[in-house]
Amino acid sequence: FDYLHVGEIGDATDQLVEILDRDVSIPSSQVKLETKERLPLADFPSPAYEAAPLKRYLSGSLQFSSGCPYRCEFCDIPQLYGRQPRLKTPEQMCAELDAIISQPGHPAVVYFVDDNFIGNRKATKDMLPHLVEWQKKNAYPLQFACEATLNMAKQPDILELMRQANFMTVFVGIETPEEDALAGIDKKHNAAVPMYEAIETLNSYGLEVTSGIILGLDTDTDGSEQKLIDFIDKSA
């Protein structure tokens, strides 16, 4: 590569644009630009949805936050994006949704690509009423999906708002039903509520649960495979 941009959009992006504004010729050696100061999500420009024929896509995507407060051993999100989630404003969210539905034949489902939809619970709880109101104003044109930690089941106020906003699916990283294994990967928060109970709670709010499973953890035993099969059968 002639130019190597390392990290998120930020000061390195500004440097790259400045360089290319001055001269688009190929540099004599590779130029590496690394982001030191990330652009706050509240300052992100709106995606150029008008440049993409959304009717060709199965689902749309939207981002409210970036980052996750947990330190799961296998996950690179905290290192890449930080443990203190950064946020867009509800107004940004609604403006982006307006842009999506302005296109004829837009996708019926929009997926929130946040690393953890409840990474900042207060912010999520404050944002959801705006989403509910947007749905009502526009006669519920969309269904939503997201990904979050399983301890979302302990947040009935958030779950009720999600139901009102027409969330239909949540992806959760269950990883393993074995508590010792969860402790080994620093994911004990998955056991904050008994797993079957947590899944039933999410289902009761109209949420289909899809899950990530890891087979091959360091703590796995000869019996781990069967325990996983039994867990899946029982929770299906």
# chains A, B, ... in the order shown; residues from 1 in each chain; ligands from 1

call {"tool": "select_by_dssp", "arguments": {"residues": "region 33-230 of chain A", "states": "alpha helix (DSSP H)", "output": "number ranges by chain"}}
result
A: 77-81, 90-101, 121-137, 156-164, 179-184, 195-204, 224-230

call {"tool": "residues_around", "arguments": {"residues": "Pro194 (chain A)", "least_positions_apart": "3", "cutoff": "12 Å", "atoms": "only C-alpha atoms", "output": "PDB file with C-alpha atoms, in the first residue's frame"}}
result
ATOM      1  CA  LEU A 150     -26.626 -11.823  28.067  1.00  0.00           C
ATOM      2  CA  ASN A 151     -26.980  -9.789  31.250  1.00  0.00           C
ATOM      3  CA  ALA A 153     -31.930  -9.900  30.773  1.00  0.00           C
ATOM      4  CA  LYS A 154     -31.475  -7.946  34.029  1.00  0.00           C
ATOM      5  CA  ILE A 174     -23.141 -17.154  25.043  1.00  0.00           C
ATOM      6  CA  PRO A 177     -22.782 -23.025  29.246  1.00  0.00           C
ATOM      7  CA  GLU A 178     -19.935 -24.058  31.589  1.00  0.00           C
ATOM      8  CA  GLU A 179     -19.379 -21.499  34.363  1.00  0.00           C
ATOM      9  CA  LYS A 188     -18.536 -14.304  34.283  1.00  0.00           C
ATOM     10  CA  HIS A 189     -21.174 -11.640  33.602  1.00  0.00           C
ATOM     11  CA  ASN A 190     -22.839 -14.239  31.349  1.00  0.00           C
ATOM     12  CA  ALA A 191     -23.786 -16.093  34.521  1.00  0.00           C
ATOM     13  CA  GLU A 197     -33.793 -17.992  32.496  1.00  0.00           C
ATOM     14  CA  ALA A 198     -32.017 -15.158  30.665  1.00  0.00           C
ATOM     15  CA  ILE A 199     -32.938 -16.561  27.248  1.00  0.00           C
ATOM     16  CA  GLU A 200     -36.565 -17.023  28.309  1.00  0.00           C
ATOM     17  CA  THR A 201     -36.638 -13.439  29.570  1.00  0.00           C
ATOM     18  CA  SER A 235     -32.828 -23.709  25.057  1.00  0.00           C
TER      19      SER A 235
END

call {"tool": "closest_residue", "arguments": {"among": "A:Gln143, A:Glu50, A:Ala123, A:Arg86", "to": "Tyr111 (chain A)", "atoms": "only C-alpha atoms"}}
result
A:Gln143

call {"tool": "residues_around", "arguments": {"residues": "Thr169 (chain A)", "least_positions_apart": "4", "cutoff": "12 Å", "atoms": "only C-alpha atoms", "output": "list in words"}}
result
Val109, Val110, Tyr111, Phe112, Gln143, Phe144, Ala145, Cys146, Glu147, Ala148, Leu159, Met162, Arg163, Ala165, Ile199, Leu202, Asn203, Tyr205, Gly206, Leu207, Glu208, Val209, Thr210 and Ser211 of chain A

call {"tool": "atom_distance", "arguments": {"atom1": "CA of Leu161 (chain A)", "atom2": "CA of Asn120 (chain A)"}}
result
15.3 Å

call {"tool": "atom_distance", "arguments": {"atom1": "CA of Pro85 (chain A)", "atom2": "CA of Pro69 (chain A)"}}
result
7.2 Å

call {"tool": "atom_distance", "arguments": {"atom1": "CA of Gln63 (chain A)", "atom2": "CA of Val113 (chain A)"}}
result
5.4 Å

call {"tool": "residues_around", "arguments": {"residues": "Gln135 (chain A)", "least_positions_apart": "3", "cutoff": "10 Å", "atoms": "only C-alpha atoms", "output": "PyMOL selection string"}}
result
chain A and resi 94+97+129-132+138-143+164-166

call {"tool": "select_by_dssp", "arguments": {"residues": "region 187-220 of chain A", "states": "strand (DSSP E)", "output": "list of chain:residue names"}}
result
A:Glu208, A:Val209, A:Thr210, A:Ser211, A:Gly212, A:Ile213

call {"tool": "closest_residue", "arguments": {"among": "A:Asp230, A:Glu8, A:Asp2, A:Glu133", "to": "Leu20 (chain A)", "atoms": "only C-alpha atoms"}}
result
A:Asp2

call {"tool": "closest_residue", "arguments": {"among": "A:Asp76, A:Asp186, A:Glu18, A:Glu96", "to": "Phe44 (chain A)", "atoms": "only C-alpha atoms"}}
result
A:Glu96

call {"tool": "closest_residue", "arguments": {"among": "A:Leu16, A:Cys68, A:Ala108, A:Leu217", "to": "Met168 (chain A)", "atoms": "only C-alpha atoms"}}
result
A:Ala108

call {"tool": "closest_residue", "arguments": {"among": "A:Tyr49, A:Tyr70, A:Trp134, A:Tyr3", "to": "Pro90 (chain A)", "atoms": "only C-alpha atoms"}}
result
A:Trp134

call {"tool": "closest_residue", "arguments": {"among": "A:Ile9, A:Ala51, A:Ile229, A:Ala99", "to": "Leu39 (chain A)", "atoms": "only C-alpha atoms"}}
result
A:Ile9

call {"tool": "residues_around", "arguments": {"residues": "Leu80 (chain A)", "least_positions_apart": "6", "cutoff": "12 Å", "atoms": "only C-alpha atoms", "output": "short mmCIF file (atom, residue, chain, number, x, y, z; two decimals) with C-alpha atoms, in the first residue's frame"}}
result
data_model
loop_
_atom_site.label_atom_id
_atom_site.label_comp_id
_atom_site.auth_asym_id
_atom_site.auth_seq_id
_atom_site.Cartn_x
_atom_site.Cartn_y
_atom_site.Cartn_z
CA VAL A 6 -3.95 2.69 11.14
CA GLY A 7 -6.87 3.09 13.51
CA GLU A 8 -10.25 4.76 13.39
CA THR A 35 -4.79 7.80 14.62
CA ARG A 38 -10.30 9.56 17.46
CA SER A 66 -18.60 2.10 19.85
CA GLY A 67 -16.69 0.18 22.51
CA CYS A 68 -17.48 -2.25 25.32
CA ARG A 71 -12.65 -7.58 28.98
CA ASP A 115 -20.20 -3.81 19.89
#

call {"tool": "residues_around", "arguments": {"residues": "Ser28 (chain A)", "least_positions_apart": "2", "cutoff": "12 Å", "atoms": "only C-alpha atoms", "output": "list in words"}}
result
Phe1, Asp2, Tyr3, Ser25, Ile26, Gln30 and Val31 of chain A

call {"tool": "decode", "arguments": {"residues": "region 89-102 of chain A", "atoms": "N, CA, C and O atoms", "output": "PDB file, in the first residue's frame"}}
result
ATOM      1  N   THR A  89     -25.655  10.959  18.999  1.00  0.00           N
ATOM      2  CA  THR A  89     -26.823  11.558  19.635  1.00  0.00           C
ATOM      3  C   THR A  89     -28.094  10.900  19.071  1.00  0.00           C
ATOM      4  O   THR A  89     -28.092  10.382  17.943  1.00  0.00           O
ATOM      5  N   PRO A  90     -29.177  10.914  19.833  1.00  0.00           N
ATOM      6  CA  PRO A  90     -30.446  10.409  19.291  1.00  0.00           C
ATOM      7  C   PRO A  90     -30.857  11.127  18.011  1.00  0.00           C
ATOM      8  O   PRO A  90     -31.441  10.509  17.109  1.00  0.00           O
ATOM      9  N   GLU A  91     -30.551  12.402  17.925  1.00  0.00           N
ATOM     10  CA  GLU A  91     -30.892  13.161  16.726  1.00  0.00           C
ATOM     11  C   GLU A  91     -30.140  12.620  15.503  1.00  0.00           C
ATOM     12  O   GLU A  91     -30.716  12.553  14.390  1.00  0.00           O
ATOM     13  N   GLN A  92     -28.872  12.265  15.691  1.00  0.00           N
ATOM     14  CA  GLN A  92     -28.118  11.649  14.598  1.00  0.00           C
ATOM     15  C   GLN A  92     -28.780  10.356  14.146  1.00  0.00           C
ATOM     16  O   GLN A  92     -28.919  10.086  12.940  1.00  0.00           O
ATOM     17  N   MET A  93     -29.150   9.537  15.132  1.00  0.00           N
ATOM     18  CA  MET A  93     -29.769   8.256  14.828  1.00  0.00           C
ATOM     19  C   MET A  93     -31.027   8.447  13.977  1.00  0.00           C
ATOM     20  O   MET A  93     -31.211   7.788  12.950  1.00  0.00           O
ATOM     21  N   CYS A  94     -31.886   9.340  14.418  1.00  0.00           N
ATOM     22  CA  CYS A  94     -33.150   9.543  13.720  1.00  0.00           C
ATOM     23  C   CYS A  94     -32.930  10.113  12.317  1.00  0.00           C
ATOM     24  O   CYS A  94     -33.647   9.750  11.369  1.00  0.00           O
ATOM     25  N   ALA A  95     -31.947  10.981  12.176  1.00  0.00           N
ATOM     26  CA  ALA A  95     -31.646  11.544  10.850  1.00  0.00           C
ATOM     27  C   ALA A  95     -31.157  10.447   9.906  1.00  0.00           C
ATOM     28  O   ALA A  95     -31.517  10.426   8.716  1.00  0.00           O
ATOM     29  N   GLU A  96     -30.342   9.534  10.412  1.00  0.00           N
ATOM     30  CA  GLU A  96     -29.854   8.439   9.575  1.00  0.00           C
ATOM     31  C   GLU A  96     -30.993   7.495   9.203  1.00  0.00           C
ATOM     32  O   GLU A  96     -31.060   6.990   8.069  1.00  0.00           O
ATOM     33  N   LEU A  97     -31.897   7.251  10.133  1.00  0.00           N
ATOM     34  CA  LEU A  97     -33.057   6.415   9.825  1.00  0.00           C
ATOM     35  C   LEU A  97     -33.945   7.081   8.772  1.00  0.00           C
ATOM     36  O   LEU A  97     -34.470   6.414   7.876  1.00  0.00           O
ATOM     37  N   ASP A  98     -34.102   8.404   8.880  1.00  0.00           N
ATOM     38  CA  ASP A  98     -34.864   9.139   7.870  1.00  0.00           C
ATOM     39  C   ASP A  98     -34.254   8.931   6.485  1.00  0.00           C
ATOM     40  O   ASP A  98     -34.980   8.748   5.489  1.00  0.00           O
ATOM     41  N   ALA A  99     -32.931   8.960   6.432  1.00  0.00           N
ATOM     42  CA  ALA A  99     -32.252   8.789   5.144  1.00  0.00           C
ATOM     43  C   ALA A  99     -32.473   7.383   4.590  1.00  0.00           C
ATOM     44  O   ALA A  99     -32.620   7.194   3.379  1.00  0.00           O
ATOM     45  N   ILE A 100     -32.485   6.398   5.479  1.00  0.00           N
ATOM     46  CA  ILE A 100     -32.683   5.013   5.033  1.00  0.00           C
ATOM     47  C   ILE A 100     -34.074   4.831   4.434  1.00  0.00           C
ATOM     48  O   ILE A 100     -34.234   4.287   3.338  1.00  0.00           O
ATOM     49  N   ILE A 101     -35.097   5.283   5.145  1.00  0.00           N
ATOM     50  CA  ILE A 101     -36.464   5.015   4.659  1.00  0.00           C
ATOM     51  C   ILE A 101     -36.883   5.951   3.537  1.00  0.00           C
ATOM     52  O   ILE A 101     -37.950   5.766   2.951  1.00  0.00           O
ATOM     53  N   SER A 102     -36.046   6.935   3.231  1.00  0.00           N
ATOM     54  CA  SER A 102     -36.380   7.834   2.119  1.00  0.00           C
ATOM     55  C   SER A 102     -36.235   7.138   0.777  1.00  0.00           C
ATOM     56  O   SER A 102     -36.766   7.607  -0.233  1.00  0.00           O
TER      57      SER A 102
END
